[in-house]
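S.K.: Have a peek at my_file-v1.cif (mmCIF, C-alpha atoms).
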```cif
data_work
loop_
_atom_site.group_PDB
_atom_site.id
_atom_site.type_symbol
_atom_site.label_atom_id
_atom_site.label_comp_id
_atom_site.auth_asym_id
_atom_site.auth_seq_id
_atom_site.Cartn_x
_atom_site.Cartn_y
_atom_site.Cartn_z
ATOM 1 C CA MET A 1011 106.809 110.651 97.362
ATOM 2 C CA PRO A 1012 106.522 106.874 96.892
ATOM 3 C CA ARG A 1013 104.170 105.006 99.177
ATOM 4 C CA ARG A 1014 105.689 102.305 101.369
ATOM 5 C CA ALA A 1015 104.717 99.756 103.978
ATOM 6 C CA PHE A 1016 107.170 99.553 106.896
ATOM 7 C CA LEU A 1017 106.929 96.193 108.646
ATOM 8 C CA THR A 1018 108.855 95.156 111.757
ATOM 9 C CA LEU A 1019 108.627 91.577 113.006
ATOM 10 C CA VAL A 1020 109.751 90.262 116.397
ATOM 11 C CA LEU A 1021 110.403 86.547 115.996
ATOM 12 C CA GLY A 1022 111.677 83.700 118.127
ATOM 13 C CA VAL A 1023 114.344 81.392 116.689
ATOM 14 C CA SER A 1024 115.516 78.043 118.021
ATOM 15 C CA GLY A 1025 118.429 75.885 116.895
ATOM 16 C CA ASN A 1026 120.952 76.562 114.146
ATOM 17 C CA VAL A 1027 118.835 77.764 111.242
ATOM 18 C CA ASN A 1028 121.478 79.674 109.246
ATOM 19 C CA ALA A 1029 124.935 78.240 109.819
ATOM 20 C CA ASP A 1030 128.144 80.161 109.219
ATOM 21 C CA ALA A 1031 131.250 78.755 107.511
ATOM 22 C CA GLY A 1032 132.512 75.658 109.305
ATOM 23 C CA ILE A 1033 135.507 75.844 111.620
ATOM 24 C CA GLY A 1034 137.182 72.447 111.743
ATOM 25 C CA THR A 1035 134.498 70.003 112.865
ATOM 26 C CA ARG A 1036 132.242 72.723 114.326
ATOM 27 C CA ILE A 1037 129.175 74.174 112.554
ATOM 28 C CA PRO A 1038 128.809 77.686 114.036
ATOM 29 C CA LEU A 1039 125.848 80.019 114.200
ATOM 30 C CA LYS A 1040 125.929 83.278 112.303
ATOM 31 C CA LYS A 1041 126.542 85.950 114.916
ATOM 32 C CA VAL A 1042 127.784 89.498 115.380
ATOM 33 C CA VAL A 1043 129.358 91.350 118.291
ATOM 34 C CA SER A 1044 127.428 94.470 119.316
ATOM 35 C CA TRP A 1045 128.912 97.823 120.298
ATOM 36 C CA ASN A 1046 128.754 96.805 123.990
ATOM 37 C CA LYS A 1047 130.534 93.495 123.233
ATOM 38 C CA GLU A 1048 127.445 91.301 123.414
ATOM 39 C CA VAL A 1049 127.244 88.295 121.097
ATOM 40 C CA ARG A 1050 124.048 88.357 119.051
ATOM 41 C CA ALA A 1051 122.895 85.637 116.688
ATOM 42 C CA PHE A 1052 121.452 86.644 113.344
ATOM 43 C CA VAL A 1053 119.867 85.232 110.199
ATOM 44 C CA SER A 1054 120.923 86.763 106.899
ATOM 45 C CA PRO A 1055 118.464 88.469 104.524
ATOM 46 C CA ARG A 1056 119.473 85.988 101.806
ATOM 47 C CA CYS A 1057 118.342 83.106 104.038
ATOM 48 C CA ILE A 1058 115.015 84.823 104.790
ATOM 49 C CA ARG A 1059 114.370 85.590 101.114
ATOM 50 C CA ARG A 1060 115.062 81.951 100.265
ATOM 51 C CA GLY A 1061 112.382 80.816 102.709
ATOM 52 C CA VAL A 1062 109.905 83.394 101.389
ATOM 53 C CA ARG A 1063 110.625 82.355 97.787
ATOM 54 C CA LYS A 1064 109.789 78.756 98.615
ATOM 55 C CA ARG A 1065 106.490 79.755 100.202
ATOM 56 C CA LEU A 1066 105.578 81.888 97.165
ATOM 57 C CA ALA A 1067 106.364 78.930 94.893
ATOM 58 C CA GLU A 1068 103.999 76.797 96.996
ATOM 59 C CA LYS A 1069 101.326 79.424 96.338
ATOM 60 C CA GLY A 1070 101.687 78.885 92.586
ATOM 61 C CA PHE A 1071 104.061 81.686 91.605
ATOM 62 C CA GLN A 1072 106.973 80.991 89.279
ATOM 63 C CA ILE A 1073 110.451 81.508 90.765
ATOM 64 C CA ASP A 1074 113.592 82.454 88.809
ATOM 65 C CA PRO A 1075 115.409 79.130 88.186
ATOM 66 C CA GLN A 1076 118.676 80.953 87.357
ATOM 67 C CA LEU A 1077 120.802 80.244 84.314
ATOM 68 C CA GLU A 1078 124.375 79.068 83.954
ATOM 69 C CA LYS A 1079 126.712 81.265 81.967
ATOM 70 C CA GLY A 1080 130.476 81.072 82.016
ATOM 71 C CA GLY A 1081 130.379 78.425 84.737
ATOM 72 C CA GLN A 1082 128.357 80.637 87.081
ATOM 73 C CA LEU A 1083 124.670 80.860 87.911
ATOM 74 C CA GLY A 1084 122.903 84.135 87.267
ATOM 75 C CA ASP A 1085 119.391 85.579 87.361
ATOM 76 C CA VAL A 1086 117.175 85.208 84.307
ATOM 77 C CA GLY A 1087 115.926 88.722 84.974
ATOM 78 C CA ASP A 1088 112.272 88.412 83.961
ATOM 79 C CA PRO A 1089 110.138 90.237 86.557
ATOM 80 C CA VAL A 1090 106.989 89.671 84.524
ATOM 81 C CA LYS A 1091 107.216 85.871 84.697
ATOM 82 C CA TYR A 1092 109.156 85.368 87.944
ATOM 83 C CA VAL A 1093 107.733 86.926 91.097
ATOM 84 C CA ASP A 1094 111.048 86.994 92.988
ATOM 85 C CA ASP A 1095 112.717 88.988 90.200
ATOM 86 C CA ASP A 1096 109.955 91.544 90.663
ATOM 87 C CA LEU A 1097 109.950 91.640 94.483
ATOM 88 C CA PHE A 1098 113.639 91.219 95.361
ATOM 89 C CA GLY A 1099 115.376 92.464 92.204
ATOM 90 C CA TYR A 1100 118.060 90.852 90.073
ATOM 91 C CA LEU A 1101 121.232 91.279 88.022
ATOM 92 C CA SER A 1102 120.637 89.642 84.663
ATOM 93 C CA THR A 1103 123.381 88.013 82.587
ATOM 94 C CA GLN A 1104 121.599 89.256 79.457
ATOM 95 C CA LYS A 1105 122.064 92.671 77.945
ATOM 96 C CA GLY A 1106 119.377 95.286 78.170
ATOM 97 C CA LYS A 1107 118.785 98.690 76.699
ATOM 98 C CA GLY A 1108 122.044 100.295 75.622
ATOM 99 C CA GLU A 1109 123.838 96.906 75.732
ATOM 100 C CA LEU A 1110 124.138 97.052 79.520
ATOM 101 C CA GLN A 1111 123.394 94.232 81.933
ATOM 102 C CA SER A 1112 119.832 94.705 83.089
ATOM 103 C CA SER A 1113 119.350 95.032 86.832
ATOM 104 C CA ARG A 1114 116.510 95.855 89.180
ATOM 105 C CA SER A 1115 116.687 97.153 92.720
ATOM 106 C CA GLY A 1116 113.846 95.238 94.316
ATOM 107 C CA PRO A 1117 110.880 97.141 95.792
ATOM 108 C CA VAL A 1118 110.971 94.767 98.788
ATOM 109 C CA LYS A 1119 113.897 95.290 101.169
ATOM 110 C CA VAL A 1120 114.609 92.744 103.907
ATOM 111 C CA SER A 1121 116.954 93.331 106.840
ATOM 112 C CA PRO A 1122 118.803 90.649 108.812
ATOM 113 C CA LEU A 1123 116.946 89.046 111.707
ATOM 114 C CA ILE A 1124 119.185 90.053 114.642
ATOM 115 C CA ALA A 1125 118.859 89.005 118.279
ATOM 116 C CA LEU A 1126 117.544 91.643 120.670
ATOM 117 C CA HIS A 1127 119.688 90.333 123.518
ATOM 118 C CA HIS A 1128 122.985 88.654 124.277
ATOM 119 C CA THR A 1129 122.777 85.122 122.869
ATOM 120 C CA GLU A 1130 123.862 82.220 125.022
ATOM 121 C CA ILE A 1131 125.256 79.609 122.647
ATOM 122 C CA SER A 1132 125.466 75.930 123.499
ATOM 123 C CA VAL A 1133 127.384 73.263 121.606
ATOM 124 C CA GLU A 1134 125.724 69.993 120.708
ATOM 125 C CA PHE A 1135 127.974 67.014 120.045
ATOM 126 C CA ALA A 1136 126.926 64.888 117.094
ATOM 127 C CA GLY A 1137 128.394 62.264 114.841
ATOM 128 C CA ARG A 1138 127.834 60.008 111.892
ATOM 129 C CA PHE A 1139 128.188 56.378 112.877
ATOM 130 C CA PRO A 1140 127.889 53.159 110.870
ATOM 131 C CA ARG A 1141 124.393 51.767 111.485
ATOM 132 C CA LYS A 1142 125.406 48.179 112.074
ATOM 133 C CA ASP A 1143 122.859 47.854 114.867
ATOM 134 C CA ILE A 1144 119.894 48.451 112.538
ATOM 135 C CA SER A 1145 121.114 47.698 109.009
ATOM 136 C CA LEU A 1146 122.655 44.541 107.603
ATOM 137 C CA GLU A 1147 124.124 46.607 104.771
ATOM 138 C CA ALA A 1148 126.165 48.838 107.082
ATOM 139 C CA LYS A 1149 129.916 48.667 106.540
ATOM 140 C CA ASP A 1150 132.685 48.833 109.093
ATOM 141 C CA ALA A 1151 133.786 52.466 109.325
ATOM 142 C CA ASN A 1152 135.118 54.948 111.835
ATOM 143 C CA PRO A 1153 132.604 57.424 113.263
ATOM 144 C CA VAL A 1154 132.796 61.019 112.052
ATOM 145 C CA PRO A 1155 132.233 63.377 115.014
ATOM 146 C CA PHE A 1156 131.193 67.018 114.667
ATOM 147 C CA GLU A 1157 129.713 69.828 116.775
ATOM 148 C CA ILE A 1158 126.768 72.140 116.158
ATOM 149 C CA GLU A 1159 126.288 75.514 117.841
ATOM 150 C CA THR A 1160 122.662 76.071 118.863
ATOM 151 C CA ALA A 1161 120.767 78.821 120.652
ATOM 152 C CA GLN A 1162 117.278 80.050 121.434
ATOM 153 C CA TRP A 1163 116.761 83.762 120.939
ATOM 154 C CA LEU A 1164 114.346 86.580 120.126
ATOM 155 C CA GLY A 1165 115.175 88.889 117.259
ATOM 156 C CA SER A 1166 113.775 91.668 115.099
ATOM 157 C CA MET A 1167 113.767 92.175 111.345
ATOM 158 C CA HIS A 1168 112.510 94.988 109.154
ATOM 159 C CA VAL A 1169 110.831 94.831 105.743
ATOM 160 C CA ILE A 1170 110.071 97.780 103.464
ATOM 161 C CA ILE A 1171 107.609 97.261 100.594
ATOM 162 C CA SER A 1172 107.230 100.071 98.065
ATOM 163 C CA GLU A 1173 104.535 100.829 95.517
ATOM 164 C CA ASP A 1174 106.891 99.735 92.702
ATOM 165 C CA VAL A 1175 105.852 96.078 92.957
ATOM 166 C CA GLY A 1176 104.842 95.137 89.403
ATOM 167 C CA LYS A 1177 106.160 98.407 87.958
ATOM 168 C CA PHE A 1178 109.314 98.373 85.803
ATOM 169 C CA GLN A 1179 111.584 100.934 84.199
ATOM 170 C CA GLY A 1180 112.611 100.241 80.617
ATOM 171 C CA ASN A 1181 116.305 100.063 81.493
ATOM 172 C CA GLU A 1182 115.524 97.304 84.019
ATOM 173 C CA LEU A 1183 114.285 94.940 81.307
ATOM 174 C CA THR A 1184 116.330 92.779 78.959
ATOM 175 C CA LYS A 1185 115.749 92.886 75.216
ATOM 176 C CA ASP A 1186 114.214 89.433 75.489
ATOM 177 C CA VAL A 1187 111.617 90.621 78.017
ATOM 178 C CA LEU A 1188 110.870 93.777 76.021
ATOM 179 C CA GLY A 1189 110.246 91.583 72.980
ATOM 180 C CA LYS A 1190 107.890 89.361 74.966
ATOM 181 C CA ILE A 1191 105.968 92.415 76.182
ATOM 182 C CA GLU A 1192 105.296 93.369 72.566
ATOM 183 C CA LYS A 1193 104.240 89.888 71.425
ATOM 184 C CA LYS A 1194 103.449 87.606 74.382
ATOM 185 C CA TYR A 1195 102.976 89.313 77.750
ATOM 186 C CA LYS A 1196 99.456 90.697 77.421
ATOM 187 C CA SER A 1197 99.207 91.465 81.151
ATOM 188 C CA VAL A 1198 101.809 94.257 80.834
ATOM 189 C CA SER A 1199 100.865 97.833 79.962
ATOM 190 C CA GLN A 1200 103.233 100.602 78.872
ATOM 191 C CA VAL A 1201 102.152 103.675 80.799
ATOM 192 C CA SER A 1202 104.906 105.904 79.436
ATOM 193 C CA GLU A 1203 107.960 105.677 77.205
ATOM 194 C CA GLU A 1204 110.059 104.202 80.014
ATOM 195 C CA VAL A 1205 107.542 102.676 82.440
ATOM 196 C CA PHE A 1206 105.748 99.329 82.219
ATOM 197 C CA THR A 1207 103.276 97.859 84.715
ATOM 198 C CA LEU A 1208 101.571 94.562 85.324
ATOM 199 C CA SER A 1209 97.796 94.495 85.643
ATOM 200 C CA LYS A 1210 96.448 95.796 88.931
ATOM 201 C CA GLU A 1211 95.055 92.337 89.722
ATOM 202 C CA GLU A 1212 98.486 90.706 89.356
ATOM 203 C CA ARG A 1213 100.187 93.417 91.405
ATOM 204 C CA MET A 1214 97.566 93.037 94.150
ATOM 205 C CA SER A 1215 98.036 89.266 94.092
ATOM 206 C CA ARG A 1216 101.806 89.555 94.536
ATOM 207 C CA ILE A 1217 101.583 92.061 97.398
ATOM 208 C CA LYS A 1218 98.858 90.124 99.222
ATOM 209 C CA SER A 1219 100.680 86.800 98.882
ATOM 210 C CA LEU A 1220 103.903 88.342 100.190
ATOM 211 C CA MET A 1221 102.104 89.916 103.160
ATOM 212 C CA GLU A 1222 100.333 86.640 103.943
ATOM 213 C CA VAL A 1223 103.696 84.892 104.149
ATOM 214 C CA LEU A 1224 105.220 87.657 106.259
ATOM 215 C CA ILE A 1225 102.509 88.238 108.865
ATOM 216 C CA ARG A 1226 100.368 85.093 108.885
ATOM 217 C CA GLU A 1227 101.973 81.937 107.500
ATOM 218 C CA GLY A 1228 105.705 82.294 108.063
ATOM 219 C CA TRP A 1229 108.359 80.250 106.295
ATOM 220 C CA SER A 1230 110.872 77.476 106.927
ATOM 221 C CA PHE A 1231 114.569 78.186 107.276
ATOM 222 C CA PRO A 1232 116.830 76.157 104.949
ATOM 223 C CA ARG A 1233 118.412 74.075 107.730
ATOM 224 C CA GLY A 1234 115.174 72.303 108.532
ATOM 225 C CA SER A 1235 115.777 68.743 107.425
ATOM 226 C CA GLU A 1236 116.117 67.336 110.947
ATOM 227 C CA ALA A 1237 113.928 69.625 113.054
ATOM 228 C CA VAL A 1238 111.199 72.232 112.803
ATOM 229 C CA SER A 1239 112.952 75.481 111.892
ATOM 230 C CA GLN A 1240 110.387 78.198 111.381
ATOM 231 C CA PRO A 1241 110.129 81.526 113.171
ATOM 232 C CA GLU A 1242 107.895 81.851 116.219
ATOM 233 C CA TYR A 1243 105.801 85.001 115.867
ATOM 234 C CA HIS A 1244 105.670 87.363 118.844
ATOM 235 C CA TYR A 1245 104.849 90.842 117.480
ATOM 236 C CA ALA A 1246 104.436 92.771 114.251
ATOM 237 C CA LEU A 1247 104.448 96.533 113.773
ATOM 238 C CA LEU A 1248 103.199 97.965 110.474
ATOM 239 C CA LEU A 1249 103.105 101.595 109.324
ATOM 240 C CA LEU A 1250 101.828 102.830 105.939
ATOM 241 C CA SER A 1251 103.450 106.080 104.868
ATOM 242 C CA ASP A 1252 104.615 108.188 101.937
ATOM 243 C CA SER A 1253 107.491 109.426 104.105
ATOM 244 C CA PHE A 1254 110.511 107.365 105.050
ATOM 245 C CA ILE A 1255 110.393 105.973 108.605
ATOM 246 C CA PRO A 1256 113.413 104.527 110.475
ATOM 247 C CA SER A 1257 111.677 101.325 111.581
ATOM 248 C CA GLY A 1258 114.299 100.438 114.176
ATOM 249 C CA ASN A 1259 113.606 103.665 116.080
ATOM 250 C CA VAL A 1260 109.901 102.835 116.375
ATOM 251 C CA LEU A 1261 110.319 99.367 117.895
ATOM 252 C CA LYS A 1262 110.399 99.616 121.706
ATOM 253 C CA MET A 1263 110.856 96.515 123.867
ATOM 254 C CA SER A 1264 110.660 96.232 127.650
ATOM 255 C CA ASP A 1265 113.394 94.683 129.771
ATOM 256 C CA ASP A 1266 111.507 91.376 129.809
ATOM 257 C CA LEU A 1267 111.453 91.445 125.968
ATOM 258 C CA THR A 1268 107.735 92.175 125.696
ATOM 259 C CA LEU A 1269 106.563 94.905 123.349
ATOM 260 C CA ASN A 1270 106.141 98.248 125.114
ATOM 261 C CA VAL A 1271 103.018 99.395 123.275
ATOM 262 C CA ASP A 1272 102.832 102.816 124.970
ATOM 263 C CA ASN A 1273 106.400 103.667 123.992
ATOM 264 C CA VAL A 1274 105.839 102.369 120.448
ATOM 265 C CA ILE A 1275 102.873 104.707 120.050
ATOM 266 C CA LYS A 1276 104.878 107.627 121.445
ATOM 267 C CA ALA A 1277 107.684 106.885 118.990
ATOM 268 C CA THR A 1278 105.326 106.696 116.007
ATOM 269 C CA SER A 1279 103.972 110.167 116.844
ATOM 270 C CA LEU A 1280 107.296 111.618 115.694
ATOM 271 C CA TYR A 1281 106.723 110.536 112.092
ATOM 272 C CA SER A 1282 104.206 111.081 109.335
ATOM 273 C CA TRP A 1283 102.067 108.064 108.388
ATOM 274 C CA ASP A 1284 98.535 107.206 107.319
ATOM 275 C CA LYS A 1285 97.637 103.918 109.006
ATOM 276 C CA GLY A 1286 99.297 101.721 111.578
ATOM 277 C CA TYR A 1287 98.856 98.263 113.073
ATOM 278 C CA ILE A 1288 100.370 96.453 116.051
ATOM 279 C CA VAL A 1289 99.840 92.687 115.995
ATOM 280 C CA ASP A 1290 100.338 90.875 119.299
ATOM 281 C CA TYR A 1291 100.484 87.182 118.437
ATOM 282 C CA ARG A 1292 101.050 86.158 122.055
ATOM 283 C CA GLU A 1293 97.914 87.875 123.351
ATOM 284 C CA GLY A 1294 95.907 87.318 120.162
ATOM 285 C CA LYS A 1295 95.011 90.931 119.443
ATOM 286 C CA ILE A 1296 95.501 93.639 116.818
ATOM 287 C CA ILE A 1297 95.751 97.327 117.710
ATOM 288 C CA LYS A 1298 94.689 99.593 114.854
ATOM 289 C CA LEU A 1299 96.304 103.037 114.917
ATOM 290 C CA SER A 1300 95.023 106.213 113.260
ATOM 291 C CA LYS A 1301 96.571 109.664 113.418
ATOM 292 C CA LYS A 1302 94.362 112.728 113.657
ATOM 293 C CA GLU A 1303 95.191 116.175 112.263
ATOM 294 C CA SER A 1304 95.965 117.332 115.803
ATOM 295 C CA GLY A 1305 98.698 114.674 115.965
ATOM 296 C CA LYS A 1306 96.804 112.583 118.500
ATOM 297 C CA ILE A 1307 96.938 108.836 117.884
ATOM 298 C CA GLU A 1308 93.759 106.865 118.405
ATOM 299 C CA GLU A 1309 93.787 103.125 119.172
ATOM 300 C CA LYS A 1310 91.223 100.440 118.460
ATOM 301 C CA THR A 1311 91.877 96.900 119.702
ATOM 302 C CA VAL A 1312 90.284 93.882 118.024
ATOM 303 C CA ASN A 1313 90.753 90.156 118.422
ATOM 304 C CA MET A 1314 93.303 88.593 116.098
ATOM 305 C CA THR A 1315 91.132 86.515 113.787
ATOM 306 C CA SER A 1316 91.633 85.304 110.236
ATOM 307 C CA GLU A 1317 89.344 88.071 109.030
ATOM 308 C CA ALA A 1318 91.258 90.714 110.999
ATOM 309 C CA LEU A 1319 94.582 89.617 109.507
ATOM 310 C CA ASP A 1320 92.970 89.617 106.050
ATOM 311 C CA GLY A 1321 92.018 93.221 106.733
ATOM 312 C CA VAL A 1322 95.651 94.131 107.450
ATOM 313 C CA VAL A 1323 96.790 92.436 104.232
ATOM 314 C CA GLU A 1324 94.067 94.196 102.247
ATOM 315 C CA ALA A 1325 94.973 97.563 103.779
ATOM 316 C CA VAL A 1326 98.602 97.219 102.650
ATOM 317 C CA ALA A 1327 97.691 96.233 99.087
ATOM 318 C CA SER A 1328 95.063 98.966 98.742
ATOM 319 C CA TYR A 1329 97.406 101.617 100.132
ATOM 320 C CA LEU A 1330 100.343 100.750 97.864
ATOM 321 C CA LEU A 1331 98.224 100.562 94.703
#
```
Show this structure as structure tokens.
M.R.:
Amino acid sequence: MPRRAFLTLVLGVSGNVNADAGIGTRIPLKKVVSWNKEVRAFVSPRCIRRGVRKRLAEKGFQIDPQLEKGGQLGDVGDPVKYVDDDLFGYLSTQKGKGELQSSRSGPVKVSPLIALHHTEISVEFAGRFPRKDISLEAKDANPVPFEIETAQWLGSMHVIISEDVGKFQGNELTKDVLGKIEKKYKSVSQVSEEVFTLSKEERMSRIKSLMEVLIREGWSFPRGSEAVSQPEYHYALLLLSDSFIPSGNVLKMSDDLTLNVDNVIKATSLYSWDKGYIVDYREGKIIKLSKKESGKIEEKTVNMTSEALDGVVEAVASYLL
């Protein structure tokens, strides 16, 4: 069974960080209606991946610039050179083995960030006005009014990271990449007829950098030109397992939207896993979980320090590789 890291984040969001399609002069929030008819704001996985990509680029990784073909942009499809092609997958415009379009189902899966409660939405009136009061170059023009939906909410998102980071099947690679592996990409090893891997150091670097962004540094949402638009960290729940775990069933929140640690631990006892961590950013502590052969779960609480978070990142990378 493949090894995976199951990460659940509880994050606070403020403003309009991922707008939906405009309706007239209004810029709406993305939102869904739940089964009990509550309105819940959400941020799409594509928006989250965009923010994570930007942070990885700031760390020195190369990001797929995308190519234009037939009037449309498409992925280059080089997971050796571009870290996002490796982590999040791609559909290349180039042909691969057997003259098929090469594609990769990314080893990192990201869910939407969906509100945990009914979202009260307010409408902010705004407008673009000629700046005659502060600029001599301003022209006479009519103001352009518009409205922006905003809200403040707490949501959860789930991330699954598998051991296939830096590991590629032959049919995932284009002929161009396969040629570069033979002549140029010295960091790639062919472990079997159909499997290629990056060096362990590069794979560790990619996993650690991704985890640092996810649990320590955060990212900026695209609509951040006029205000701070980054997630506010409340809690993180991490389980390392070679069995599949339904992350949503493990997250347990109290009525006041605080993490119910006792119920989380009870829920985790239903599944098979090797190591677990609960990070409480509000209280500044990390609860390390270990499961004994008897099924009993032991807890060890430490202060949330830079070194402690480094230990969580290191544990994920070491487990997956």
S.K.: Running the PyMOL selection byres ((chain A and resi 1075) around 12) on this model by hand, what would come out? Give it as a PyMOL selection string.
M.R.: chain A and resi 1063-1064+1067+1072-1074+1076-1078+1083-1088+1091-1095
S.K.: As an exercise, work out the distance from atom CA of A:Asp1290 to atom CA of A:Ser1257 in Å and give it to one decimal place.
M.R.: 17.2 Å
S.K.: Counting only C-alpha atoms, note down every residue that has an atom within 12 Å of the point (110.5, 88.4, 116.9) (file coordinates), as an NGL selection string.
M.R.: :A and (1017-1024 or 1052-1053 or 1122-1127 or 1162-1168 or 1224-1225 or 1228 or 1240-1247 or 1261 or 1263 or 1267-1269 or 1289-1292)
S.K.: Taking the file as I've supplied it (selection: the PyMOL selection byres ((chain A and resi 1327) around 12)), which residues are included? Please answer as a PyMOL selection string.
M.R.: chain A and resi 1013-1015+1171-1175+1210-1222+1250+1320-1326+1328-1331
S.K.: On this file, the PyMOL selection byres ((chain A and resi 1161) around 7) gives some set of residues; write that set as a ChimeraX atom specification.
M.R.: /A:1024-1026,1129-1132,1160,1162-1163
S.K.: Choose the residue, out of A:Val1187, A:Leu1066, A:Ile1037, A:Val1205, that has the smallest atom-to-atom separation from A:Glu1134; count all atoms listed in the file.
M.R.: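 Of all the options, A:Ile1037 lies closest to A:Glu1134.
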S.K.: When you count all atoms listed in the file, which of these residues is closest to A:Lys1185: A:Asn1313, A:Lys1041, A:Ser1102, A:Val1062?
M.R.: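 Result for the nearest residue to A:Lys1185: A:Ser1102.
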S.K.: To one decimal place, how far is atom CA of A:Asp1096 from atom CA of A:Pro1117 in Å?
M.R.: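 Atom CA of A:Pro1117 lies 7.6 Å from atom CA of A:Asp1096.
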S.K.: Using atom CA of A:Thr1184 and atom CA of A:Pro1055 as the two end points, give the distance in Å to one decimal.
M.R.: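 Taking atom CA of A:Thr1184 as the start and atom CA of A:Pro1055 as the end point, the length is 26.0 Å.
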S.K.: Restricting the calculation to all atoms listed in the file, which member of A:Gly1034, A:Gly1061, A:Gly1305, A:Gly1294 is positioned closest to A:Ile1275?
M.R.: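 Comparing A:Gly1034, A:Gly1061, A:Gly1305, A:Gly1294 against A:Ile1275, the winner is A:Gly1305.
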S.K.: Determine the nearest neighbour of A:Pro1038 from the options A:Glu1157, A:Glu1317, A:Asp1284, A:Asp1252, counting all atoms listed in the file.
M.R.: A:Glu1157
